[in-house]
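File shown here: entry.txt, holding compact mmCIF, C-alpha atoms.
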# COMPACT_ATOMS: atom_id res chain seq x y z
CA MET J 1 86.03 104.67 95.03
CA GLY J 2 86.97 104.87 91.42
CA ASN J 3 85.65 104.74 87.90
CA PRO J 4 85.16 101.52 85.93
CA GLY J 5 86.88 100.90 82.63
CA ARG J 6 90.40 100.35 81.35
CA GLU J 7 90.86 103.99 80.48
CA TYR J 8 90.63 104.88 84.19
CA ALA J 9 92.52 101.91 85.63
CA ARG J 10 95.74 103.72 86.68
CA ASN J 11 94.25 107.21 87.15
CA ARG J 12 94.93 109.12 90.34
CA HIS J 13 91.14 109.23 90.80
CA ASN J 14 91.14 105.42 91.01
CA ALA J 15 93.47 105.22 94.01
CA GLY J 16 90.62 103.65 96.00
CA TYR J 17 90.12 100.90 93.44
CA LEU J 18 93.86 100.23 93.39
CA VAL J 19 93.92 99.77 97.18
CA VAL J 20 90.91 97.44 97.14
CA ASP J 21 92.53 95.44 94.33
CA GLU J 22 95.69 95.10 96.42
CA LEU J 23 93.67 93.97 99.47
CA ALA J 24 91.97 91.31 97.35
CA ARG J 25 95.35 90.19 95.96
CA ARG J 26 96.96 89.98 99.41
CA HIS J 27 94.08 88.01 100.90
CA ASP J 28 93.08 85.78 97.97
CA GLY J 29 89.83 87.53 97.19
CA SER J 30 87.99 86.70 94.01
CA TRP J 31 85.71 89.21 92.35
CA LYS J 32 82.09 88.73 91.38
CA SER J 33 79.48 91.13 90.06
CA LYS J 34 77.01 92.29 92.67
CA PHE J 35 75.37 95.53 93.86
CA SER J 36 76.21 97.42 90.65
CA GLY J 37 79.86 96.74 91.33
CA ARG J 38 82.60 94.18 91.82
CA LEU J 39 82.63 92.47 95.23
CA ALA J 40 85.13 90.22 96.99
CA GLU J 41 84.95 88.80 100.51
CA VAL J 42 88.22 88.16 102.33
CA ARG J 43 89.46 87.35 105.82
CA TYR J 44 92.11 89.41 107.55
CA GLY J 45 92.93 87.96 110.93
CA ASP J 46 89.63 87.64 112.75
CA ALA J 47 87.94 90.19 110.51
CA ARG J 48 85.73 89.48 107.53
CA LEU J 49 86.09 92.22 104.94
CA VAL J 50 83.67 92.88 102.13
CA LEU J 51 85.56 94.72 99.40
CA LEU J 52 83.46 96.66 96.93
CA LYS J 53 84.35 98.53 93.76
CA PRO J 54 81.21 100.38 92.63
CA GLU J 55 80.89 100.35 88.86
CA THR J 56 78.44 103.24 88.86
CA TYR J 57 81.18 105.85 88.32
CA MET J 58 82.43 107.84 91.25
CA ASN J 59 79.56 110.32 91.50
CA GLU J 60 76.96 107.58 91.99
CA SER J 61 78.95 105.30 94.31
CA GLY J 62 76.24 105.49 96.96
CA ARG J 63 73.86 103.32 94.94
CA SER J 64 76.33 100.43 95.11
CA VAL J 65 77.61 101.08 98.65
CA GLY J 66 74.11 101.51 100.07
CA ALA J 67 72.87 98.24 98.55
CA ALA J 68 75.90 96.28 99.82
CA ALA J 69 75.70 97.82 103.30
CA ALA J 70 72.01 96.94 103.56
CA PHE J 71 72.55 93.36 102.32
CA PHE J 72 75.43 92.66 104.72
CA LYS J 73 73.74 94.63 107.55
CA VAL J 74 76.81 96.86 107.93
CA GLU J 75 76.34 99.97 110.03
CA PRO J 76 77.57 103.20 108.40
CA ALA J 77 80.18 103.55 111.16
CA ASP J 78 81.73 100.28 109.94
CA VAL J 79 82.06 101.43 106.32
CA LEU J 80 85.54 102.50 105.20
CA VAL J 81 85.61 104.45 101.94
CA VAL J 82 89.01 104.67 100.25
CA HIS J 83 89.44 107.59 97.86
CA ASP J 84 91.89 110.00 96.27
CA GLU J 85 92.36 113.46 97.77
CA GLY J 86 93.54 116.26 95.51
CA ASP J 87 93.84 118.67 98.44
CA PHE J 88 96.61 116.53 99.99
CA ASP J 89 100.20 116.38 98.85
CA LEU J 90 101.11 113.24 96.96
CA GLY J 91 101.60 110.40 99.43
CA ARG J 92 99.83 111.90 102.43
CA LEU J 93 97.37 109.45 104.01
CA GLU J 94 94.67 110.31 106.51
CA ILE J 95 91.98 108.18 108.10
CA LYS J 96 89.05 110.31 109.17
CA HIS J 97 85.74 109.33 110.72
CA GLY J 98 82.74 111.43 109.77
CA GLY J 99 83.05 115.08 108.88
CA GLY J 100 82.25 117.13 105.83
CA LEU J 101 82.17 116.02 102.24
CA ALA J 102 84.46 118.78 100.88
CA GLY J 103 82.41 119.01 97.68
CA HIS J 104 83.24 115.39 96.77
CA ASN J 105 80.27 114.09 94.78
CA GLY J 106 81.14 110.44 95.42
CA LEU J 107 81.18 110.99 99.18
CA ARG J 108 77.94 112.94 98.92
CA SER J 109 76.33 110.02 97.08
CA ILE J 110 77.48 107.56 99.74
CA ALA J 111 76.29 109.82 102.58
CA GLN J 112 72.87 110.07 100.94
CA ALA J 113 72.63 106.30 100.48
CA LEU J 114 73.72 105.57 104.06
CA GLY J 115 71.61 108.38 105.49
CA THR J 116 74.59 109.83 107.35
CA GLN J 117 78.11 111.19 106.97
CA ASP J 118 79.14 108.99 109.92
CA PHE J 119 81.44 106.65 108.00
CA THR J 120 85.22 106.42 107.81
CA ARG J 121 87.37 107.56 104.91
CA LEU J 122 90.95 106.79 103.98
CA ARG J 123 92.05 109.84 102.04
CA ILE J 124 94.99 109.21 99.70
CA GLY J 125 96.89 112.32 98.70
CA VAL J 126 97.39 112.50 94.94
CA GLY J 127 98.43 116.16 94.84
CA ARG J 128 97.51 118.90 92.39
CA PRO J 129 98.95 120.00 89.06
CA GLU J 130 102.34 121.61 89.53
CA ARG J 131 102.90 125.28 88.78
CA GLY J 132 102.82 125.77 85.03
CA ASP J 133 100.71 122.66 84.42
CA PRO J 134 97.68 123.91 82.46
CA ARG J 135 95.39 121.03 83.52
CA SER J 136 92.46 121.59 85.84
CA LEU J 137 92.33 119.51 89.03
CA ALA J 138 89.64 117.33 87.41
CA ASP J 139 91.83 116.65 84.38
CA TYR J 140 94.83 116.02 86.64
CA VAL J 141 93.11 113.40 88.82
CA LEU J 142 91.62 111.72 85.76
CA ALA J 143 95.13 111.27 84.35
CA ASN J 144 97.41 108.34 85.16
CA PHE J 145 99.98 108.60 87.90
CA ASP J 146 103.33 109.80 86.57
CA GLU J 147 106.26 107.39 86.81
CA HIS J 148 108.02 109.59 89.38
CA ASP J 149 104.89 109.46 91.61
CA ASP J 150 105.74 105.85 92.57
CA ALA J 151 102.07 104.88 92.63
CA ASP J 152 102.90 101.28 93.56
CA ALA J 153 104.58 102.36 96.80
CA LEU J 154 101.70 104.73 97.59
CA ILE J 155 99.12 101.99 97.06
CA GLU J 156 101.16 99.56 99.21
CA ARG J 157 101.27 102.13 102.06
CA ALA J 158 97.57 102.86 101.75
CA THR J 159 96.75 99.14 101.79
CA ASP J 160 98.92 98.75 104.90
CA ALA J 161 96.91 101.59 106.47
CA VAL J 162 93.62 99.77 105.79
CA GLU J 163 95.01 96.62 107.39
CA ALA J 164 96.20 98.59 110.42
CA TYR J 165 92.79 100.24 110.71
CA VAL J 166 91.04 96.86 110.63
CA THR J 167 93.24 95.39 113.37
CA GLN J 168 93.15 98.45 115.62
The structure given in the file should be rewritten as structure tokens.
Amino acid sequence: MGNPGREYARNRHNAGYLVVDELARRHDGSWKSKFSGRLAEVRYGDARLVLLKPETYMNESGRSVGAAAAFFKVEPADVLVVHDEGDFDLGRLEIKHGGGLAGHNGLRSIAQALGTQDFTRLRIGVGRPERGDPRSLADYVLANFDEHDDADALIERATDAVEAYVTQ
């Protein structure tokens, strides 16, 4: 998940987009407009992956995900949503199947569109503002990664995690 537009491109909140972009780069995916988003189909080993970047803004991601899942006849259990997680320390990764939505409006939108919370999420820890930082969590995640965050290494690790998930 992420938000469309250049102003959001390197935001912490766009960690999901950054991972999907890296998957497309690694596996020669080319993007086209479809399902209110950007879509690329790639092969990874024996798996066919449909990569989707909803362009509906994060809080309405379900509109795009639901349409793509219906078109490709993908069961909710086979959907992997990649998103930032402000409740995790920077760099922590967790793959979780099902569960609550933790107040995440984008996940809520996807759950509504799929008719279930029974989908998988890769949660990418982006941390919270440090002590003394006056920004709210929303302002923090909508800001770009700091240089010392080593966003490129984080995105590489998260992309590796998606590939491991697909093969296992």
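Here atom CA of Ser36 of chain J is placed at a distance of 9.1 Å from atom CA of Ser61 of chain J.
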Tell me which of J:Phe88, J:Gly2, J:Ala9, J:Lys96 sits closest to Lys53 of chain J, counting only C-alpha atoms.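 Selected residue with least distance to Lys53 of chain J: J:Gly2.
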Choose the residue, out of J:Ile95, J:Val50, J:Leu137, J:Ile155, that has the smallest atom-to-atom separation from Gly16 of chain J; count all atoms listed in the file. J:Ile155
Considering only C-alpha atoms, state which residue in the set J:Asp118, J:Glu94, J:Asp133, J:Asp89 is at the smallest distance from Asp149 of chain J. J:Asp89
Glu163 of chain J: which residues within 9 Å, counting all atoms listed in the file, same-chain residues fewer than 5 positions away excluded, as a list in words? Leu23, Tyr44, Ala158 and Gln168 of chain J
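By chain and then residue number, the residues within 10 Å of Ala111 of chain J are Ser61, Gly62, Val65, Gly66, Pro76, Gly98, Gly100, Leu101, Asn105, Gly106, Leu107, Arg108, Ser109, Ala113, Leu114, Gly115, Thr116, Gln117, Asp118 and Phe119 of chain J, counting only C-alpha atoms and disregarding those fewer than 2 positions away in sequence.
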What is the atom CA of Gly127 of chain J-atom CA of Asn14 of chain J distance in Å, reported with one decimal? 13.5 Å
Can you measure atom CA of Val19 of chain J to atom CA of Gly99 of chain J for me? One decimal in Å is fine. 22.1 Å
Neighbouring residues of Thr159 of chain J were defined as those with any atom within 10 Å, considering only C-alpha atoms; residues of the same chain fewer than 2 positions away were excluded. Please report them as a compact mmCIF listing (two decimals) with C-alpha atoms, in the frame of the given file.
# COMPACT_ATOMS: atom_id res chain seq x y z
CA GLY J 16 90.62 103.65 96.00
CA LEU J 18 93.86 100.23 93.39
CA VAL J 19 93.92 99.77 97.18
CA VAL J 20 90.91 97.44 97.14
CA ASP J 21 92.53 95.44 94.33
CA GLU J 22 95.69 95.10 96.42
CA LEU J 23 93.67 93.97 99.47
CA ARG J 26 96.96 89.98 99.41
CA VAL J 82 89.01 104.67 100.25
CA LEU J 122 90.95 106.79 103.98
CA ALA J 153 104.58 102.36 96.80
CA LEU J 154 101.70 104.73 97.59
CA ILE J 155 99.12 101.99 97.06
CA GLU J 156 101.16 99.56 99.21
CA ARG J 157 101.27 102.13 102.06
CA ALA J 161 96.91 101.59 106.47
CA VAL J 162 93.62 99.77 105.79
CA GLU J 163 95.01 96.62 107.39
CA ALA J 164 96.20 98.59 110.42
CA TYR J 165 92.79 100.24 110.71
Which residue of J:Asp78, J:Asp160, J:Asp146, J:Asp84 approaches Thr120 of chain J most closely, using only C-alpha atoms: J:Asp78
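Proximity ranking of J:Ala40, J:Val166, J:Leu90, J:Ile110 relative to His148 of chain J places J:Leu90 first, based on only C-alpha atoms.
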Fewer than 6 positions away in the same chain doesn't count, so skip those; otherwise give me all residues within 12 Å of Asn144 of chain J, counting all atoms listed in the file, as number ranges by chain. J: 6-15, 126, 150-151
Using all atoms listed in the file, pick whichever of J:His83, J:Leu93, J:His104, J:Lys34 has the shortest atom-to-atom distance to Phe71 of chain J.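 Answer, going by the shortest atom-to-atom distance: J:Lys34.
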Adding 6 Å on each side of the box along x, y and z that holds all listed atoms of segment 64-69 of chain J, could you give its centre and edge lengths in Å to one decimal, as JSON?
{"center_x": 75.2, "center_y": 98.9, "center_z": 99.2, "size_x": 16.7, "size_y": 17.2, "size_z": 20.2}
